[in-house]
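work_11.cif follows; it contains mmCIF, C-alpha atoms and all ligand atoms; chains and numbers go by the auth columns.
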```
data_target
loop_
_atom_site.group_PDB
_atom_site.id
_atom_site.type_symbol
_atom_site.label_atom_id
_atom_site.label_comp_id
_atom_site.label_asym_id
_atom_site.label_seq_id
_atom_site.Cartn_x
_atom_site.Cartn_y
_atom_site.Cartn_z
_atom_site.B_iso_or_equiv
_atom_site.auth_seq_id
_atom_site.auth_asym_id
ATOM 1 C CA MET A 1 0.000 0.000 0.000 0.00 1 A
ATOM 2 C CA ASN A 2 1.384 3.417 -0.965 0.00 2 A
ATOM 3 C CA LYS A 3 1.116 5.868 1.902 0.00 3 A
ATOM 4 C CA LEU A 4 0.861 9.614 1.539 0.00 4 A
ATOM 5 C CA VAL A 5 0.172 12.363 4.071 0.00 5 A
ATOM 6 C CA PHE A 6 -2.458 14.957 3.198 0.00 6 A
ATOM 7 C CA ALA A 7 -1.188 17.983 5.141 0.00 7 A
ATOM 8 C CA THR A 8 -4.419 19.617 6.260 0.00 8 A
ATOM 9 C CA ASN A 9 -6.588 19.931 9.342 0.00 9 A
ATOM 10 C CA ASN A 10 -9.609 20.844 7.219 0.00 10 A
ATOM 11 C CA LEU A 11 -12.043 17.900 7.363 0.00 11 A
ATOM 12 C CA TYR A 12 -14.031 19.232 4.408 0.00 12 A
ATOM 13 C CA LYS A 13 -10.924 19.147 2.236 0.00 13 A
ATOM 14 C CA VAL A 14 -10.199 15.611 3.445 0.00 14 A
ATOM 15 C CA ARG A 15 -13.717 14.493 2.439 0.00 15 A
ATOM 16 C CA GLU A 16 -13.398 16.024 -1.017 0.00 16 A
ATOM 17 C CA VAL A 17 -9.932 14.631 -1.688 0.00 17 A
ATOM 18 C CA GLN A 18 -10.528 11.191 -0.169 0.00 18 A
ATOM 19 C CA ALA A 19 -13.451 10.671 -2.578 0.00 19 A
ATOM 20 C CA LEU A 20 -11.066 10.980 -5.555 0.00 20 A
ATOM 21 C CA ILE A 21 -8.056 9.002 -4.316 0.00 21 A
ATOM 22 C CA PRO A 22 -7.791 5.388 -5.558 0.00 22 A
ATOM 23 C CA GLU A 23 -7.819 2.550 -3.046 0.00 23 A
ATOM 24 C CA HIS A 24 -4.170 1.603 -3.516 0.00 24 A
ATOM 25 C CA ILE A 25 -3.142 4.927 -1.970 0.00 25 A
ATOM 26 C CA LYS A 26 -3.623 5.222 1.789 0.00 26 A
ATOM 27 C CA LEU A 27 -4.037 8.795 2.932 0.00 27 A
ATOM 28 C CA LEU A 28 -2.520 9.599 6.311 0.00 28 A
ATOM 29 C CA SER A 29 -3.723 12.577 8.318 0.00 29 A
ATOM 30 C CA LEU A 30 -1.545 14.963 10.305 0.00 30 A
ATOM 31 C CA LYS A 31 -2.864 13.253 13.435 0.00 31 A
ATOM 32 C CA ASP A 32 -1.715 9.859 12.066 0.00 32 A
ATOM 33 C CA ILE A 33 1.888 11.125 11.900 0.00 33 A
ATOM 34 C CA GLY A 34 1.750 12.893 15.288 0.00 34 A
ATOM 35 C CA CYS A 35 1.716 16.422 13.872 0.00 35 A
ATOM 36 C CA PHE A 36 -0.356 18.700 16.109 0.00 36 A
ATOM 37 C CA GLU A 37 1.366 22.002 15.380 0.00 37 A
ATOM 38 C CA ASP A 38 0.333 24.845 13.086 0.00 38 A
ATOM 39 C CA ILE A 39 1.907 24.493 9.675 0.00 39 A
ATOM 40 C CA PRO A 40 3.305 27.806 8.449 0.00 40 A
ATOM 41 C CA GLU A 41 1.732 29.418 5.379 0.00 41 A
ATOM 42 C CA THR A 42 3.491 32.751 5.101 0.00 42 A
ATOM 43 C CA LYS A 43 4.258 33.028 1.388 0.00 43 A
ATOM 44 C CA GLU A 44 2.755 35.604 -0.953 0.00 44 A
ATOM 45 C CA THR A 45 1.384 33.192 -3.536 0.00 45 A
ATOM 46 C CA ILE A 46 -1.003 30.247 -3.416 0.00 46 A
ATOM 47 C CA GLU A 47 1.656 28.051 -5.000 0.00 47 A
ATOM 48 C CA GLY A 48 4.277 29.265 -2.506 0.00 48 A
ATOM 49 C CA ASN A 49 2.043 28.354 0.438 0.00 49 A
ATOM 50 C CA ALA A 50 1.238 24.894 -0.945 0.00 50 A
ATOM 51 C CA ILE A 51 4.952 24.155 -1.396 0.00 51 A
ATOM 52 C CA GLN A 52 5.789 25.594 2.033 0.00 52 A
ATOM 53 C CA LYS A 53 3.252 23.339 3.800 0.00 53 A
ATOM 54 C CA THR A 54 4.426 20.246 1.931 0.00 54 A
ATOM 55 C CA GLU A 55 8.117 20.910 2.546 0.00 55 A
ATOM 56 C CA PHE A 56 7.474 21.561 6.235 0.00 56 A
ATOM 57 C CA ILE A 57 5.983 18.081 6.694 0.00 57 A
ATOM 58 C CA LYS A 58 8.566 16.344 4.521 0.00 58 A
ATOM 59 C CA ASN A 59 11.509 18.019 6.258 0.00 59 A
ATOM 60 C CA LYS A 60 10.234 17.709 9.818 0.00 60 A
ATOM 61 C CA TYR A 61 8.367 14.375 9.743 0.00 61 A
ATOM 62 C CA GLY A 62 10.036 12.615 6.797 0.00 62 A
ATOM 63 C CA PHE A 63 6.834 11.473 5.055 0.00 63 A
ATOM 64 C CA ASP A 64 5.941 11.782 1.382 0.00 64 A
ATOM 65 C CA CYS A 65 3.050 14.189 1.366 0.00 65 A
ATOM 66 C CA PHE A 66 0.913 16.726 -0.424 0.00 66 A
ATOM 67 C CA ALA A 67 -0.800 19.944 0.617 0.00 67 A
ATOM 68 C CA ASP A 68 -3.359 22.161 -1.041 0.00 68 A
ATOM 69 C CA ASP A 69 -3.652 25.909 -0.888 0.00 69 A
ATOM 70 C CA THR A 70 -6.692 27.659 -2.296 0.00 70 A
ATOM 71 C CA GLY A 71 -7.711 31.229 -2.956 0.00 71 A
ATOM 72 C CA LEU A 72 -10.786 33.001 -4.280 0.00 72 A
ATOM 73 C CA GLU A 73 -9.777 35.609 -6.871 0.00 73 A
ATOM 74 C CA VAL A 74 -12.394 38.281 -7.597 0.00 74 A
ATOM 75 C CA ASN A 75 -11.866 40.271 -10.794 0.00 75 A
ATOM 76 C CA ALA A 76 -13.477 43.523 -9.610 0.00 76 A
ATOM 77 C CA LEU A 77 -11.218 43.444 -6.535 0.00 77 A
ATOM 78 C CA ASN A 78 -8.054 42.957 -8.581 0.00 78 A
ATOM 79 C CA GLY A 79 -7.739 39.322 -7.567 0.00 79 A
ATOM 80 C CA ALA A 80 -8.456 39.816 -3.840 0.00 80 A
ATOM 81 C CA PRO A 81 -8.847 38.082 -1.465 0.00 81 A
ATOM 82 C CA GLY A 82 -6.576 35.589 -3.325 0.00 82 A
ATOM 83 C CA VAL A 83 -3.772 34.254 -1.179 0.00 83 A
ATOM 84 C CA TYR A 84 -5.304 36.090 1.810 0.00 84 A
ATOM 85 C CA SER A 85 -8.704 34.341 1.468 0.00 85 A
ATOM 86 C CA ALA A 86 -8.557 32.625 4.883 0.00 86 A
ATOM 87 C CA ARG A 87 -7.928 35.847 6.845 0.00 87 A
ATOM 88 C CA TYR A 88 -9.733 38.316 4.570 0.00 88 A
ATOM 89 C CA ALA A 89 -11.851 39.730 7.415 0.00 89 A
ATOM 90 C CA GLY A 90 -9.170 39.283 10.085 0.00 90 A
ATOM 91 C CA PRO A 91 -7.037 36.784 11.966 0.00 91 A
ATOM 92 C CA GLN A 92 -10.069 34.945 13.358 0.00 92 A
ATOM 93 C CA ARG A 93 -10.327 33.197 9.933 0.00 93 A
ATOM 94 C CA ASN A 94 -14.116 33.133 10.117 0.00 94 A
ATOM 95 C CA ALA A 95 -16.019 32.075 6.987 0.00 95 A
ATOM 96 C CA THR A 96 -19.143 34.168 7.717 0.00 96 A
ATOM 97 C CA ASP A 97 -17.067 37.298 8.399 0.00 97 A
ATOM 98 C CA ASN A 98 -15.071 36.674 5.210 0.00 98 A
ATOM 99 C CA MET A 99 -18.200 36.258 3.070 0.00 99 A
ATOM 100 C CA ASN A 100 -19.912 39.310 4.581 0.00 100 A
ATOM 101 C CA LEU A 101 -16.876 41.484 3.911 0.00 101 A
ATOM 102 C CA LEU A 102 -16.601 40.234 0.347 0.00 102 A
ATOM 103 C CA LEU A 103 -20.315 40.832 -0.352 0.00 103 A
ATOM 104 C CA ASN A 104 -19.978 44.311 1.107 0.00 104 A
ATOM 105 C CA ASN A 105 -16.867 45.170 -0.890 0.00 105 A
ATOM 106 C CA LEU A 106 -18.530 43.986 -4.099 0.00 106 A
ATOM 107 C CA LYS A 107 -21.729 46.027 -3.608 0.00 107 A
ATOM 108 C CA PRO A 108 -20.639 49.007 -5.717 0.00 108 A
ATOM 109 C CA SER A 109 -19.397 46.815 -8.543 0.00 109 A
ATOM 110 C CA ASP A 110 -21.213 45.617 -11.693 0.00 110 A
ATOM 111 C CA SER A 111 -18.865 42.711 -12.304 0.00 111 A
ATOM 112 C CA ARG A 112 -19.130 39.673 -10.048 0.00 112 A
ATOM 113 C CA SER A 113 -16.770 37.351 -11.930 0.00 113 A
ATOM 114 C CA ALA A 114 -14.393 35.314 -9.824 0.00 114 A
ATOM 115 C CA GLN A 115 -12.416 32.104 -9.787 0.00 115 A
ATOM 116 C CA PHE A 116 -11.274 29.598 -7.231 0.00 116 A
ATOM 117 C CA LYS A 117 -7.694 28.466 -7.651 0.00 117 A
ATOM 118 C CA THR A 118 -6.209 25.450 -5.922 0.00 118 A
ATOM 119 C CA VAL A 119 -2.555 24.493 -6.086 0.00 119 A
ATOM 120 C CA ILE A 120 -1.550 21.075 -4.779 0.00 120 A
ATOM 121 C CA ALA A 121 2.127 20.590 -4.031 0.00 121 A
ATOM 122 C CA LEU A 122 3.341 16.994 -3.826 0.00 122 A
ATOM 123 C CA SER A 123 6.645 16.009 -2.271 0.00 123 A
ATOM 124 C CA ILE A 124 7.581 12.467 -3.181 0.00 124 A
ATOM 125 C CA ASN A 125 10.973 10.773 -3.495 0.00 125 A
ATOM 126 C CA ASN A 126 12.537 14.164 -2.721 0.00 126 A
ATOM 127 C CA ASN A 127 10.935 15.880 -5.729 0.00 127 A
ATOM 128 C CA ILE A 128 8.270 18.589 -5.611 0.00 128 A
ATOM 129 C CA SER A 129 5.511 18.713 -8.241 0.00 129 A
ATOM 130 C CA THR A 130 2.566 21.083 -8.396 0.00 130 A
ATOM 131 C CA PHE A 131 -0.935 20.703 -9.887 0.00 131 A
ATOM 132 C CA THR A 132 -3.320 23.608 -10.433 0.00 132 A
ATOM 133 C CA GLY A 133 -7.114 23.526 -10.660 0.00 133 A
ATOM 134 C CA ILE A 134 -9.239 26.545 -11.549 0.00 134 A
ATOM 135 C CA CYS A 135 -13.017 26.960 -11.408 0.00 135 A
ATOM 136 C CA GLU A 136 -14.527 30.117 -12.887 0.00 136 A
ATOM 137 C CA GLY A 137 -17.817 31.539 -11.726 0.00 137 A
ATOM 138 C CA LYS A 138 -19.633 34.428 -10.092 0.00 138 A
ATOM 139 C CA ILE A 139 -20.111 35.787 -6.594 0.00 139 A
ATOM 140 C CA THR A 140 -23.820 35.764 -5.702 0.00 140 A
ATOM 141 C CA LYS A 141 -25.512 38.693 -3.935 0.00 141 A
ATOM 142 C CA GLU A 142 -26.556 36.543 -0.967 0.00 142 A
ATOM 143 C CA LYS A 143 -25.539 33.270 0.663 0.00 143 A
ATOM 144 C CA HIS A 144 -27.272 30.101 -0.557 0.00 144 A
ATOM 145 C CA GLY A 145 -26.914 26.523 0.719 0.00 145 A
ATOM 146 C CA ASP A 146 -25.410 24.678 3.684 0.00 146 A
ATOM 147 C CA GLU A 147 -23.042 22.177 2.069 0.00 147 A
ATOM 148 C CA GLY A 148 -19.295 22.589 1.787 0.00 148 A
ATOM 149 C CA PHE A 149 -17.274 25.229 3.594 0.00 149 A
ATOM 150 C CA GLY A 150 -15.552 28.597 3.321 0.00 150 A
ATOM 151 C CA TYR A 151 -16.902 30.770 0.512 0.00 151 A
ATOM 152 C CA ASP A 152 -19.052 27.967 -0.997 0.00 152 A
ATOM 153 C CA PRO A 153 -22.424 29.675 -0.187 0.00 153 A
ATOM 154 C CA ILE A 154 -21.572 32.734 -2.331 0.00 154 A
ATOM 155 C CA PHE A 155 -19.850 31.091 -5.329 0.00 155 A
ATOM 156 C CA LYS A 156 -21.819 29.937 -8.385 0.00 156 A
ATOM 157 C CA PRO A 157 -19.661 28.088 -10.923 0.00 157 A
ATOM 158 C CA LEU A 158 -20.040 29.091 -14.566 0.00 158 A
ATOM 159 C CA ASN A 159 -23.038 27.435 -16.311 0.00 159 A
ATOM 160 C CA TYR A 160 -24.614 26.338 -13.014 0.00 160 A
ATOM 161 C CA ASN A 161 -27.567 27.800 -11.205 0.00 161 A
ATOM 162 C CA GLN A 162 -26.530 26.589 -7.750 0.00 162 A
ATOM 163 C CA THR A 163 -23.771 27.719 -5.451 0.00 163 A
ATOM 164 C CA PHE A 164 -21.167 25.165 -4.378 0.00 164 A
ATOM 165 C CA ALA A 165 -23.000 25.049 -1.035 0.00 165 A
ATOM 166 C CA GLU A 166 -26.151 23.853 -2.830 0.00 166 A
ATOM 167 C CA MET A 167 -24.325 20.993 -4.592 0.00 167 A
ATOM 168 C CA ASN A 168 -23.462 17.549 -3.373 0.00 168 A
ATOM 169 C CA LEU A 169 -19.839 16.555 -2.935 0.00 169 A
ATOM 170 C CA ALA A 170 -19.720 14.545 -6.171 0.00 170 A
ATOM 171 C CA LEU A 171 -20.804 17.502 -8.322 0.00 171 A
ATOM 172 C CA LYS A 172 -18.497 19.976 -6.570 0.00 172 A
ATOM 173 C CA ASN A 173 -15.625 17.529 -7.043 0.00 173 A
ATOM 174 C CA LYS A 174 -16.462 17.028 -10.731 0.00 174 A
ATOM 175 C CA ILE A 175 -16.437 20.701 -11.688 0.00 175 A
ATOM 176 C CA GLY A 176 -14.505 22.323 -8.847 0.00 176 A
ATOM 177 C CA HIS A 177 -10.981 23.678 -8.508 0.00 177 A
ATOM 178 C CA ARG A 178 -9.805 21.114 -5.939 0.00 178 A
ATOM 179 C CA GLY A 179 -11.266 18.172 -7.875 0.00 179 A
ATOM 180 C CA LYS A 180 -9.432 19.293 -11.012 0.00 180 A
ATOM 181 C CA ALA A 181 -6.125 19.576 -9.176 0.00 181 A
ATOM 182 C CA VAL A 182 -6.633 16.221 -7.404 0.00 182 A
ATOM 183 C CA LYS A 183 -7.348 14.465 -10.717 0.00 183 A
ATOM 184 C CA GLN A 184 -3.962 15.624 -12.033 0.00 184 A
ATOM 185 C CA LEU A 185 -2.335 14.491 -8.791 0.00 185 A
ATOM 186 C CA VAL A 186 -3.938 11.049 -9.104 0.00 186 A
ATOM 187 C CA ASP A 187 -2.839 10.653 -12.760 0.00 187 A
ATOM 188 C CA PHE A 188 0.706 11.586 -11.739 0.00 188 A
ATOM 189 C CA LEU A 189 0.737 9.163 -8.801 0.00 189 A
ATOM 190 C CA ASN A 190 -0.730 6.327 -10.883 0.00 190 A
ATOM 191 C CA SER A 191 2.003 6.667 -13.490 0.00 191 A
ATOM 192 C CA LEU A 192 4.689 7.003 -10.822 0.00 192 A
ATOM 193 C CA TYR A 193 3.600 3.941 -8.869 0.00 193 A
ATOM 194 C CA GLN A 194 3.387 1.898 -12.091 0.00 194 A
ATOM 195 C CA GLU A 195 7.115 2.444 -12.546 0.00 195 A
ATOM 196 C CA TYR A 196 7.859 0.611 -9.299 0.00 196 A
HETATM 197 P P1 LIG B . -6.781 27.403 2.539 0.00 1 B
HETATM 198 O O1 LIG B . -6.432 26.734 1.283 0.00 1 B
HETATM 199 O O2 LIG B . -7.207 26.396 3.542 0.00 1 B
HETATM 200 O O3 LIG B . -5.693 28.324 3.027 0.00 1 B
HETATM 201 O O4 LIG B . -8.073 28.241 2.249 0.00 1 B
HETATM 202 C C1 LIG B . -8.095 29.639 2.050 0.00 1 B
HETATM 203 C C2 LIG B . -9.499 30.153 2.244 0.00 1 B
HETATM 204 O O5 LIG B . -10.311 29.755 1.150 0.00 1 B
HETATM 205 C C3 LIG B . -10.213 29.691 3.504 0.00 1 B
HETATM 206 O O6 LIG B . -10.998 30.757 3.972 0.00 1 B
HETATM 207 C C4 LIG B . -11.089 28.558 3.032 0.00 1 B
HETATM 208 O O7 LIG B . -12.251 28.425 3.824 0.00 1 B
HETATM 209 C C5 LIG B . -11.419 29.020 1.631 0.00 1 B
HETATM 210 N N1 LIG B . -11.582 27.857 0.752 0.00 1 B
HETATM 211 C C6 LIG B . -10.655 26.933 0.418 0.00 1 B
HETATM 212 N N2 LIG B . -11.175 26.006 -0.396 0.00 1 B
HETATM 213 C C7 LIG B . -12.464 26.356 -0.576 0.00 1 B
HETATM 214 C C8 LIG B . -13.532 25.768 -1.298 0.00 1 B
HETATM 215 O O8 LIG B . -13.412 24.716 -1.939 0.00 1 B
HETATM 216 N N3 LIG B . -14.715 26.408 -1.245 0.00 1 B
HETATM 217 C C9 LIG B . -14.901 27.562 -0.532 0.00 1 B
HETATM 218 N N4 LIG B . -13.950 28.148 0.176 0.00 1 B
HETATM 219 C C10 LIG B . -12.729 27.544 0.156 0.00 1 B
#
```

As structure tokens - that is how I would like this structure written.
Ligand code: IMP
Amino acid sequence: MNKLVFATNNLYKVREVQALIPEHIKLLSLKDIGCFEDIPETKETIEGNAIQKTEFIKNKYGFDCFADDTGLEVNALNGAPGVYSARYAGPQRNATDNMNLLLNNLKPSDSRSAQFKTVIALSINNNISTFTGICEGKITKEKHGDEGFGYDPIFKPLNYNQTFAEMNLALKNKIGHRGKAVKQLVDFLNSLYQEY
């Protein structure tokens, strides 16, 4: 069995990713490897943060691993909140506060176009690879739905009439940013493991 750490404490991300990982890969959590500390994410890009989290685990705990970093980029706000999506409304990292601030900041604007961007950084056999998934859409005027997490209640993907928070996990995974990045990760891992 090939073992790989998914470096996150976000149970929603674990659910989404686990659903796309083939059975021959066993995902280990941070708890499984005895990591109970905060993993630094201090870089100025989404890619930089994903690599930083992955390298932290590899260097300190010695496990092959991957980490995801995600940002919501809103066109009318010049790409904000972007890499600062988690603490947009302050250090409390609260999803409701973040959404309220975003809805407020977008009020004067005609354009509501936005995209989610996920970068997954994989550290395996001492090499780093990255995989990017993008999902374009629009910011709604109000929150809709209870599924998912983060900004899901205010993001409607292009060509859909529901927000991510009104979709089931399978549909979000099929069209969403993280699902797209995970599919590339899985293709890469499948070809890598075939070589052994
Ligand atoms: P991080 O990747 O965990 O640093 O996430 C950055 C911010 O984006 C946090 O506020 C998350 O709640 C939010 N976020 C990450 N992924 C998603 C998603 O799939 N849907 C909605 N919000 C997300």

Next on the checklist: If we draw a sphere of 12 Å around (7.0, 30.2, 1.4), which residues have at least one atom in it when counting only C-alpha atoms? Please report them as a list in words.
Outcome noted: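 Residues satisfying the cut-off, written out: Ile39, Pro40, Glu41, Thr42, Lys43, Glu44, Thr45, Ile46, Glu47, Gly48, Asn49, Ala50, Ile51, Gln52, Lys53, Thr54, Glu55, Phe56, Asp69 and Val83 of chain A.
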
Got time to write the residues from that selection, C-alpha atoms, as a PDB file, in the coordinates of the input?
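Saved file out_25.pdb follows:
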```
ATOM      1  CA  ILE A  39       1.907  24.493   9.675  1.00  0.00           C
ATOM      2  CA  PRO A  40       3.305  27.806   8.449  1.00  0.00           C
ATOM      3  CA  GLU A  41       1.732  29.418   5.379  1.00  0.00           C
ATOM      4  CA  THR A  42       3.491  32.751   5.101  1.00  0.00           C
ATOM      5  CA  LYS A  43       4.258  33.028   1.388  1.00  0.00           C
ATOM      6  CA  GLU A  44       2.755  35.604  -0.953  1.00  0.00           C
ATOM      7  CA  THR A  45       1.384  33.192  -3.536  1.00  0.00           C
ATOM      8  CA  ILE A  46      -1.003  30.247  -3.416  1.00  0.00           C
ATOM      9  CA  GLU A  47       1.656  28.051  -5.000  1.00  0.00           C
ATOM     10  CA  GLY A  48       4.277  29.265  -2.506  1.00  0.00           C
ATOM     11  CA  ASN A  49       2.043  28.354   0.438  1.00  0.00           C
ATOM     12  CA  ALA A  50       1.238  24.894  -0.945  1.00  0.00           C
ATOM     13  CA  ILE A  51       4.952  24.155  -1.396  1.00  0.00           C
ATOM     14  CA  GLN A  52       5.789  25.594   2.033  1.00  0.00           C
ATOM     15  CA  LYS A  53       3.252  23.339   3.800  1.00  0.00           C
ATOM     16  CA  THR A  54       4.426  20.246   1.931  1.00  0.00           C
ATOM     17  CA  GLU A  55       8.117  20.910   2.546  1.00  0.00           C
ATOM     18  CA  PHE A  56       7.474  21.561   6.235  1.00  0.00           C
ATOM     19  CA  ASP A  69      -3.652  25.909  -0.888  1.00  0.00           C
ATOM     20  CA  VAL A  83      -3.772  34.254  -1.179  1.00  0.00           C
TER      21      VAL A  83
END
```

Box along x, y and z, 6 Å on every side, all listed atoms of range 188-194 of chain A inside: centre and edge lengths in Å to one decimal, as JSON.
```
{"center_x": 2.0, "center_y": 6.7, "center_z": -11.1, "size_x": 17.4, "size_y": 21.7, "size_z": 16.7}
```

Next on the checklist: Going by the chain IDs and residue numbers used in this file, which residues fall under the PyMOL selection byres (((not hetatm)) within 10 of (chain B and resi 1))? Write them as a count of residues only.
Outcome noted: 56

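In this comparison, which uses only C-alpha atoms, the residue of A:Asn161, A:Asn105, A:Gln184, A:Asn168 approaching Ser129 in chain A most closely is A:Gln184.
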
Checklist entry - Which residue gives the smallest distance to Ile33 in chain A among A:Ala170, A:Leu189, A:Leu4, A:Leu11, with all atoms listed in the file counted? => result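 Result for the nearest residue to Ile33 in chain A: A:Leu4.
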
So which residues touch Ala76 in chain A within 7 Å, counting all atoms listed in the file, skipping near sequence neighbours fewer than 6 positions away, as a PDB file with C-alpha atoms, keeping the file's coordinate frame?
```pdb
ATOM      1  CA  SER A 109     -19.397  46.815  -8.543  1.00  0.00           C
ATOM      2  CA  SER A 111     -18.865  42.711 -12.304  1.00  0.00           C
ATOM      3  CA  ARG A 112     -19.130  39.673 -10.048  1.00  0.00           C
TER       4      ARG A 112
END
```

Next on the checklist: Please report the interatomic distance between CA of Ala7 in chain A and CA of Tyr193 in chain A in Å with one decimal.
Outcome noted: 20.4 Å

Next on the checklist: For this structure, which residues satisfy the selection - the PyMOL selection byres (((chain A and resi 122) around 6) and not hetatm) - when it is evaluated on the file as given? I want them as a PyMOL selection string.
Outcome noted: chain A and resi 65-66+121+123+128-129

Checklist outcome for this item: Taken to one decimal, the CA of Ile139 in chain A-CA of Val74 in chain A distance is 8.2 Å

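The coordinates place CA of Ala114 in chain A at 5.4 Å from CA of Gly137 in chain A.
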
Checklist entry - Pick from A:Met167, A:Ala181, A:Ile134, A:Val5: nearest to Asp32 in chain A, with all atoms listed in the file counted? => result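 Checking each of A:Met167, A:Ala181, A:Ile134, A:Val5 against Asp32 in chain A, counting all atoms listed in the file, the winner is A:Val5.
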
Item to check | Residue among A:Ile57, A:Leu77, A:Met1, A:Ile175 lying closest to Cys35 in chain A, counting only C-alpha atoms | outcome: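 Looking at the shortest contact to Cys35 in chain A, the residue is A:Ile57.
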
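Take the candidates A:Gln18, A:Thr163, A:Thr132, A:Asn78 and check each one against His144 in chain A using only C-alpha atoms; the shortest distance goes to A:Thr163.
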
Item to check | Selected residue, from A:Ser113, A:Asn75, A:Asn2, A:Gln92, that lies nearest to Leu28 in chain A when counting all atoms listed in the file | outcome: A:Asn2
